[in-house]
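Notes to accompany the following structure.
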Amino acid sequence: MSENIQKEDKFLMNEIKESTYTPILTMKDIVLFPQMMAPIFVGRKHSTVAVENAMLTKDHEIILLGQKQPDIENPTENDLYKVGVLAKIPQVLRFPDMSMKLIAEGISRVKVIKLIKDEGYFKCEYEELKDKKVEGKDVQALRNLTLQKFTEYIKKSTRLGIENLLSFDEITEAGRLADIICAYLNIKSEERQKILEILNTFERLKAVSKILSREIEFLFIEENLQEKVSYKLGKSQKEYVLREKLRAIKEELGVESGTDEVDELRDDVEKMAAPDYVKTKLQKELNKLEGMGIYSSETSVVRTYIDTIMELPWEKRTKDILDIARARKILDKDHYGLEDVKERILEFLAVKKLSKEPLSSIICLVGPPGVGKTSLARSIARSMNKNFAQVSLGGINDESEIRGHRRTYVGAMPGKIIKAMQDANSKNPLILLDEIEKMIPSHMGDPTAAMLEVLDPAQNFHFTDHYVDMPFDLSDVFFLTTANSIDKLYKPLKDRIEVIRLAGYTEEEKLHIAQKFLLPKQLKAHGIKKLQFNITKMTIKQIINDYTREAGVRELERTIAKLCRKFAVKLVDNQELKETITKENIADYLGVARYLREKTEKKALVGVVHGLAWTEVGGEILEIEACKMPGKGKLNLTGRLGEIMQESAQTAFSYARSRYKELNLPEDIQEKYDLHIHAGDGATPKDGPSAGIALTLCLISTLTG
Ligand code: ADP
C-alpha cells in the first residue's frame with residue numbers, strides 16, 4: 001500500500017493561488033478546536049477538491065465547517081453552521097481511490113461572511129472571532145471545580161487513561177481549558193458546536209462544566225445499573241454466563257477449547273470414589289484448566305496434575321486374605337528352604353490377624369543380594385491377596401524423592417511413595433521398600449525422616465506429598481523393607497523395624513534352587529521344552545563355582561538365562577535340536593570360567609593358616625600368610641581387611657609379645673623384626689570376628705618358625 005500513497009506533490013507547491021476566498025472542508029461529525037490537531041479522513045468529492053485547492057494556497061489554509069446533520073452527503077449552504085475553525089494542513093496523504101488523510105491544525109474561530117460553491121467546492125470570506133477573555137476569582141474557582149470534575153470523569157470513564165490528567169493542571173486560561181476538556185468528552189458534535197460558538201471564556205467553561213456534571217451522573221447511573229444487574233445473577237448463573245462468554249471469546253480467537261473434555265472430566269470427578277476434599281480440589285483445578293487455551297504450556301501441567309490425582313487409589317482396595325495355611329502353601333511353593341524365615345513371616349501374619357491395632361513394627365528382610373528377599377515379598381503379597389509395588393531406595397539423598405516436589409517447581413512429580421500407590425492401584429497393597437539402608441541424608445533434605453513418617457501408623461494416615469498437596473491415607477498399606485545389612489541403618493529407622501535375616505545359600509542349596517526353580521523358570525521364559533534342554537548336576541555345580549560368586553542366586557539365574565538364550569538361537573535354525581550341557585560343552589555357551597578358586601594347600605607350612613571370613617558374597621575359606629623381616633616391630637596388613645580383622649591382628653601381636661617366655665621368643669622382639677600379614681583373595685574386602693585365632697596362630701607360627 002505504501003508505494004501507492006503519493007506524498008504531497010512537490011510541483012503543486014509552485015503554483016500558489018491568491019484569492020480572497022478560502023476553501024471549506026465540510027465536517028460530518030468532528031469539531032476541531034483552535035490550537036489542537038486531529039487526523040481527518042476525506043472521501044467526498046467536494047471535500048477532496050477543497051483540500052487540493054487549499055494545498056495550492058501559500059499557508060495551506062482551510063476552514064473546517066460543521067454540518068448540522070451528519071448524514072447529508074451533499075450539503076447546501078443551509079446545512080452548514082456559520083461558525084467554524086480556520087486550520088492549516090501540514091500534511092496530506094492521497095490514496096489511489098482518490099480519498100485522502102490529512103492532519104489539520106486548528107488556528108482560530110471564524111465566522112463565515114460570504115459562502116459560495118464554485119468549481120465543485122465550497123469557499124468563503126470569513127471574519128476571525130476573538131475570545132472574550134474573562135479573568136478573576138470566579139473564573140479561578142470555576143476552573144478548579146471543573147478540573148476536579150474532570151478528574152472524577154476520567155476515573156469513572158473506561159475510555160481515558162489517568163495519565164491524560166497530568167497535562168491539564170498547566171492550562172490556566174479558562175477558554176482553552178474548556179476547549180480541551182470538550183474535545184475529550186464523549187458527546188454529540190451538536191453540543192461541541194455550541195461550545196465552539198461561545199466566545200466568552202467564562203461562559204464557555206461554565207457550559208463545559210455543566211456537561212461534565214451530566215456525563216459524570218450518566219457514568220454513575222451506568223455503574224449502578226451494572227452492579228444491580230450482576231447482583232441479580234446467582235453464583236452458578238454467573239459462572240454459567242462467564243463460561244459461555246469465555247467459550248465465545250475462544251471461538252472468536254480461534255483457540256480450540258477443551259471445554260467438552262473438561263465437562264467430561266467434571267462428571268468423572270463427581271463419580272470418582274474419593275474423599276470430598278479431593279473432589280473439591282479437582283473441581284477447582286478443572287475451572288483453572290477451562291480458563292486456559294488448549295495449547296498453553298500451563299495447561300499440560302494442570303492436566304497432568306488432574307490425571308495423577310484421578311489415578312490414585314483413594315478408595316480402591318482388594319479384599320484382604322489372612323489365611324496362614326494358604327500363606328504357608330504359597331511361600332513353600334515359591335521358595336526352596338528358608339524354613340526359619342518362612343516361619344517368622346507366618347508368625348508375623350498370625351499376629352497381624354489376631355491384633356486389631358496396626359502393627360507398629362515393620363518387617364525388614366536383611367541379607368545379601370539374590371537370596372530371595374524380593375521374591376518372598378511378592379509371595380507374601382500374593383498369599384494375602386494384595387497388589388504389589390516396589391520402591392527402590394538405593395542412593396536416594398533428596399527428601400523430595402520420597403515426598404515429591406511442589407507444583408511450582410518445573411517438572412514437578414509426586415514422590416516415590418505416591419508413585420508406588422499409583423502402580424499398586426489399590427489402597428491396601430504390599431509395598432516393598434528396597435535397600436532401606438541406602439538412603440543418605442544430604443543438603444537436599446533427609447529422606448530417612450520422610451520415610452519414618454511414611455512408616456509411622458500414628459502419622460501415615462494423612463501422608464502429604466508435596467505434589468499431591470492433599471493428605472493421602474497410607475494406613476492400610478502393608479510395608480515390607482529390605483536391606484543388605486543394617487549396621488549403617490539410621491537409628492530411629494532401626495528401632496522401627498523387625499529384622500528377619502536371610503543368610504546366603506550353600507552350594508547344595510543353590511544346586512537345588514537352580515534345578516527346581518531357576519531352570520524351569522528360564523526354560524519357560526525362553527519358550528524351550530524341558531525335554532530339549534538338560535543340564536547335569538555336575539555342570540550346575542561347575543556353573544555355581546566357576547561362573548558365579550555370590551551369596552544369593554541372582555548371578556546364577558542370569559547365567560542360566562544366558563545358556564537358554566544361546567540355545568534358543570540354535571533352536572531357531574533346528575527345531576528338533578536337543579542338548580545336554582556338560583563339562584565338555586559348557587565353555588561353548590558361557591566362555592571360559594570367570595572365577596578361579598584359589599586351591600587351598602593341604603600341606604602344613606610355617607606362617608600359613610586357613611581361616612574363615614565374611615565377604616559381601618558370603619562365607620569364604622581364607623588363607624592367611626605372614627612373614628617376618630629385620631625391622632622395628634612394624635605390623636603390615638594387606639588383603640583389604642576390615643576394621644575387626646585389623647584389630648585382631650594387633651591383638652595377636654600383643655599377645656605373642658606378652659607370652660614371649662612361653663613361646664621362647666626374645667624379649668625385645670619388636671626391636672628386631674617387622675611383620676607382614678596378608679589375607680588371600682586380596683582384592684575382595686573381608687572381615688570376620690572369628691578370624692582372631694587364625695591370625696594369632698599365623699603370627700606365632702611365623703615368629704617361632
Ligand atoms: P533379592 O531381593 O534378595 O536381591 P530376589 O528376590 O530378586 O533377591 O531373588 C533373585 C532370584 O532368585 C529370584 O528369581 C528368586 O525367585 C530366586 N530365589 C532366591 N531365593 C530362592 C529360593 N529360596 N527358592 C527359589 N528361588 C529363589
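Residue numbers start at 1 in each chain; chains themselves are named A, B, ... in the order of the C-alpha cells; ligands are numbered from 1 in the order shown.
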Within 7 Å of ligand 1, counting only C-alpha atoms and all ligand atoms: which residues, as a VMD selection string? chain A and resid 334 to 338 367 to 376 513 517 to 518 552 to 554 557
Shell of 10 Å around A:Lys419, only C-alpha atoms, local chain residues under 4 positions omitted, as a PyMOL selection string: chain A and resi 308+312+389-391+402+404+413-415+423-425
Contacts of A:Phe567 at 9 Å or less, counting only C-alpha atoms, minus same-chain residues fewer than 2 places along, as a PyMOL selection string? chain A and resi 528+533+562-565+569-572+579+589
I need the residues from that last selection saved to file as a PDB file, in the first residue's frame (with N, CA and C atoms), if you can.
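As written to disk, selection02.pdb reads:
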ATOM      1  N   ILE A 528      11.450 -72.853  25.691  1.00  0.00           N
ATOM      2  CA  ILE A 528      12.168 -74.110  25.410  1.00  0.00           C
ATOM      3  C   ILE A 528      11.483 -75.243  26.180  1.00  0.00           C
ATOM      4  N   PHE A 533      16.263 -79.575  26.550  1.00  0.00           N
ATOM      5  CA  PHE A 533      17.433 -78.931  27.137  1.00  0.00           C
ATOM      6  C   PHE A 533      17.665 -79.469  28.545  1.00  0.00           C
ATOM      7  N   LYS A 562      21.387 -66.948  30.307  1.00  0.00           N
ATOM      8  CA  LYS A 562      22.310 -66.798  29.170  1.00  0.00           C
ATOM      9  C   LYS A 562      22.404 -68.117  28.396  1.00  0.00           C
ATOM     10  N   LEU A 563      22.508 -69.229  29.138  1.00  0.00           N
ATOM     11  CA  LEU A 563      22.535 -70.553  28.497  1.00  0.00           C
ATOM     12  C   LEU A 563      21.296 -70.750  27.622  1.00  0.00           C
ATOM     13  N   CYS A 564      20.156 -70.426  28.205  1.00  0.00           N
ATOM     14  CA  CYS A 564      18.890 -70.616  27.480  1.00  0.00           C
ATOM     15  C   CYS A 564      18.839 -69.755  26.228  1.00  0.00           C
ATOM     16  N   ARG A 565      19.333 -68.515  26.356  1.00  0.00           N
ATOM     17  CA  ARG A 565      19.333 -67.597  25.219  1.00  0.00           C
ATOM     18  C   ARG A 565      20.146 -68.155  24.069  1.00  0.00           C
ATOM     19  N   VAL A 569      18.869 -69.506  20.221  1.00  0.00           N
ATOM     20  CA  VAL A 569      19.360 -69.085  18.903  1.00  0.00           C
ATOM     21  C   VAL A 569      19.570 -70.313  18.014  1.00  0.00           C
ATOM     22  N   LYS A 570      20.164 -71.353  18.604  1.00  0.00           N
ATOM     23  CA  LYS A 570      20.392 -72.579  17.836  1.00  0.00           C
ATOM     24  C   LYS A 570      19.068 -73.227  17.445  1.00  0.00           C
ATOM     25  N   LEU A 571      18.125 -73.137  18.357  1.00  0.00           N
ATOM     26  CA  LEU A 571      16.832 -73.791  18.157  1.00  0.00           C
ATOM     27  C   LEU A 571      16.060 -73.191  16.969  1.00  0.00           C
ATOM     28  N   VAL A 572      16.279 -71.922  16.732  1.00  0.00           N
ATOM     29  CA  VAL A 572      15.588 -71.266  15.622  1.00  0.00           C
ATOM     30  C   VAL A 572      15.972 -71.935  14.299  1.00  0.00           C
ATOM     31  N   GLU A 579      19.756 -80.843  23.577  1.00  0.00           N
ATOM     32  CA  GLU A 579      21.119 -80.570  24.054  1.00  0.00           C
ATOM     33  C   GLU A 579      21.229 -80.861  25.543  1.00  0.00           C
ATOM     34  N   TYR A 589      29.082 -72.316  25.497  1.00  0.00           N
ATOM     35  CA  TYR A 589      27.943 -71.443  25.825  1.00  0.00           C
ATOM     36  C   TYR A 589      28.344 -70.223  26.654  1.00  0.00           C
TER      37      TYR A 589
END
Taking the backbone alone, and naming residues the way the document does, which bits of stretch 361-433 of chain A are alpha helix (DSSP H) by DSSP, as a count of residues only? 25
Which is closest to A:Glu197 among A:Tyr505, A:Tyr184, A:Tyr547, A:Phe33, if we use only C-alpha atoms?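 Between A:Tyr505, A:Tyr184, A:Tyr547, A:Phe33, the residue approaching A:Glu197 most closely is A:Phe33.
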Between atom CA of A:Leu590 and atom CA of A:Gln532 lies a distance of 18.6 Å
Got a sec: who's within 9 Å of A:Lys210, counting only C-alpha atoms, leaving out chain neighbours fewer than 5 positions off, as a PyMOL selection string? chain A and resi 146+205+215
Test item: residues at most 10 Å from stretch 582-587 of chain A, only C-alpha atoms, excluding those fewer than 5 positions along its chain, as a PyMOL selection string: chain A and resi 534-540+542-543+563+592-593
Please provide as a list in words all residues within 12 Å of A:Asp446, with the sequence filter that same-chain residues fewer than 4 positions apart are discarded (counting only C-alpha atoms).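 Non-adjacent residues within range: Ile396, Asn397, Asp398, Glu399, Ser400, Glu401, Ile402, Arg403, Met439, Ile440, Pro441, Ser442, Ala450, Met451, Leu452, Glu453 and Tyr490 of chain A.
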Go ahead and save the residues from that selection, with N, CA, C and O atoms, as a compact mmCIF listing (two decimals), in the first residue's frame.
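Dumped everything to out.txt:
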# COMPACT_ATOMS: atom_id res chain seq x y z
N ILE A 396 19.15 -42.73 47.35
CA ILE A 396 18.30 -41.55 47.47
C ILE A 396 18.87 -40.59 48.51
O ILE A 396 19.14 -40.99 49.64
N ASN A 397 19.09 -39.33 48.10
CA ASN A 397 19.64 -38.38 49.07
C ASN A 397 18.82 -37.10 49.12
O ASN A 397 19.27 -36.07 49.59
N ASP A 398 17.61 -37.18 48.60
CA ASP A 398 16.80 -35.97 48.49
C ASP A 398 15.42 -36.28 49.07
O ASP A 398 14.76 -37.23 48.65
N GLU A 399 15.01 -35.46 50.00
CA GLU A 399 13.73 -35.70 50.66
C GLU A 399 12.58 -35.71 49.66
O GLU A 399 11.63 -36.48 49.78
N SER A 400 12.70 -34.87 48.61
CA SER A 400 11.57 -34.75 47.69
C SER A 400 11.39 -36.01 46.83
O SER A 400 10.36 -36.17 46.19
N GLU A 401 12.39 -36.90 46.83
CA GLU A 401 12.18 -38.17 46.11
C GLU A 401 11.12 -39.01 46.84
O GLU A 401 10.43 -39.81 46.25
N ILE A 402 11.04 -38.83 48.15
CA ILE A 402 10.03 -39.54 48.93
C ILE A 402 8.73 -38.75 48.93
O ILE A 402 7.65 -39.27 48.75
N ARG A 403 8.86 -37.44 49.14
CA ARG A 403 7.69 -36.62 49.40
C ARG A 403 7.23 -35.79 48.20
O ARG A 403 6.28 -35.03 48.28
N MET A 439 19.57 -45.02 51.89
CA MET A 439 19.17 -43.61 51.80
C MET A 439 20.22 -42.79 52.54
O MET A 439 20.65 -43.18 53.63
N ILE A 440 20.62 -41.66 51.95
CA ILE A 440 21.66 -40.86 52.58
C ILE A 440 21.14 -39.43 52.79
O ILE A 440 20.77 -38.78 51.83
N PRO A 441 21.15 -38.95 54.06
CA PRO A 441 20.76 -37.55 54.27
C PRO A 441 21.77 -36.64 53.57
O PRO A 441 22.95 -36.96 53.50
N SER A 442 21.31 -35.54 52.99
CA SER A 442 22.22 -34.60 52.33
C SER A 442 21.67 -33.20 52.49
O SER A 442 20.66 -32.99 53.17
N ALA A 450 11.54 -38.44 56.20
CA ALA A 450 10.28 -38.58 55.46
C ALA A 450 9.82 -40.03 55.51
O ALA A 450 8.63 -40.33 55.66
N MET A 451 10.79 -40.96 55.42
CA MET A 451 10.45 -42.37 55.43
C MET A 451 9.86 -42.79 56.77
O MET A 451 8.93 -43.59 56.83
N LEU A 452 10.39 -42.20 57.85
CA LEU A 452 9.84 -42.50 59.18
C LEU A 452 8.37 -42.13 59.25
O LEU A 452 7.56 -42.85 59.81
N GLU A 453 8.06 -41.00 58.65
CA GLU A 453 6.67 -40.55 58.65
C GLU A 453 5.80 -41.54 57.87
O GLU A 453 4.68 -41.86 58.28
N TYR A 490 20.02 -45.88 59.86
CA TYR A 490 19.69 -44.74 60.71
C TYR A 490 18.92 -45.26 61.94
O TYR A 490 17.97 -46.01 61.81
Using only C-alpha atoms, which protein or nucleic acid residues come within 10 Å of A:Thr280? Drop anything in the same chain fewer than 6 positions from it, and give the result as a list in words.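 Everything that qualifies: Val269, Glu270 and Leu286 of chain A.
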Would you put the residues from that selection into a file with N, CA and C atoms, as a PDB file, in the first residue's frame?
ATOM      1  N   VAL A 269     -15.036 -36.771  37.798  1.00  0.00           N
ATOM      2  CA  VAL A 269     -14.643 -36.428  39.170  1.00  0.00           C
ATOM      3  C   VAL A 269     -15.818 -36.660  40.118  1.00  0.00           C
ATOM      4  N   GLU A 270     -17.007 -36.267  39.680  1.00  0.00           N
ATOM      5  CA  GLU A 270     -18.182 -36.465  40.531  1.00  0.00           C
ATOM      6  C   GLU A 270     -18.396 -37.943  40.849  1.00  0.00           C
ATOM      7  N   LEU A 286     -10.104 -27.984  37.579  1.00  0.00           N
ATOM      8  CA  LEU A 286     -10.807 -28.047  36.295  1.00  0.00           C
ATOM      9  C   LEU A 286     -11.240 -26.654  35.850  1.00  0.00           C
TER      10      LEU A 286
END
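Atom CA of A:Leu531 to atom CA of A:Ile330 spans 27.0 Å [interatomic distance, one decimal].
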Taking only C-alpha atoms into account, name the residue in A:Leu242, A:Met98, A:Ile677, A:Ile624 that is nearest to A:Asn636.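 Nearest to A:Asn636: A:Ile677.
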Among listed residues A:Val454, A:Ile544, A:Met272, A:Leu32, nearest A:Leu493 (using only C-alpha atoms):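 Residue with the minimum atom-to-atom distance to A:Leu493: A:Val454.
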Return the single residue from A:Pro457, A:Pro471, A:Gly395, A:Gly682 that is closest to A:Glu435, with distances computed using only C-alpha atoms.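 For A:Glu435, the nearest of the given residues is A:Gly395.
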Using atom CA of A:Ile431 and atom CA of A:Asp456 as the two end points, give the distance in Å to one decimal.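 A separation of 14.4 Å between them.
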Would you mind telling me which residue in A:Val341, A:Ala551, A:Ala412, A:Ile249 lies nearest to A:Leu502 when using only C-alpha atoms? A:Val341
Stretch 488-614 of chain A: which residues are strand (DSSP E) by DSSP, as a ChimeraX atom specification? /A:497-501,533-535,579-581,608-614
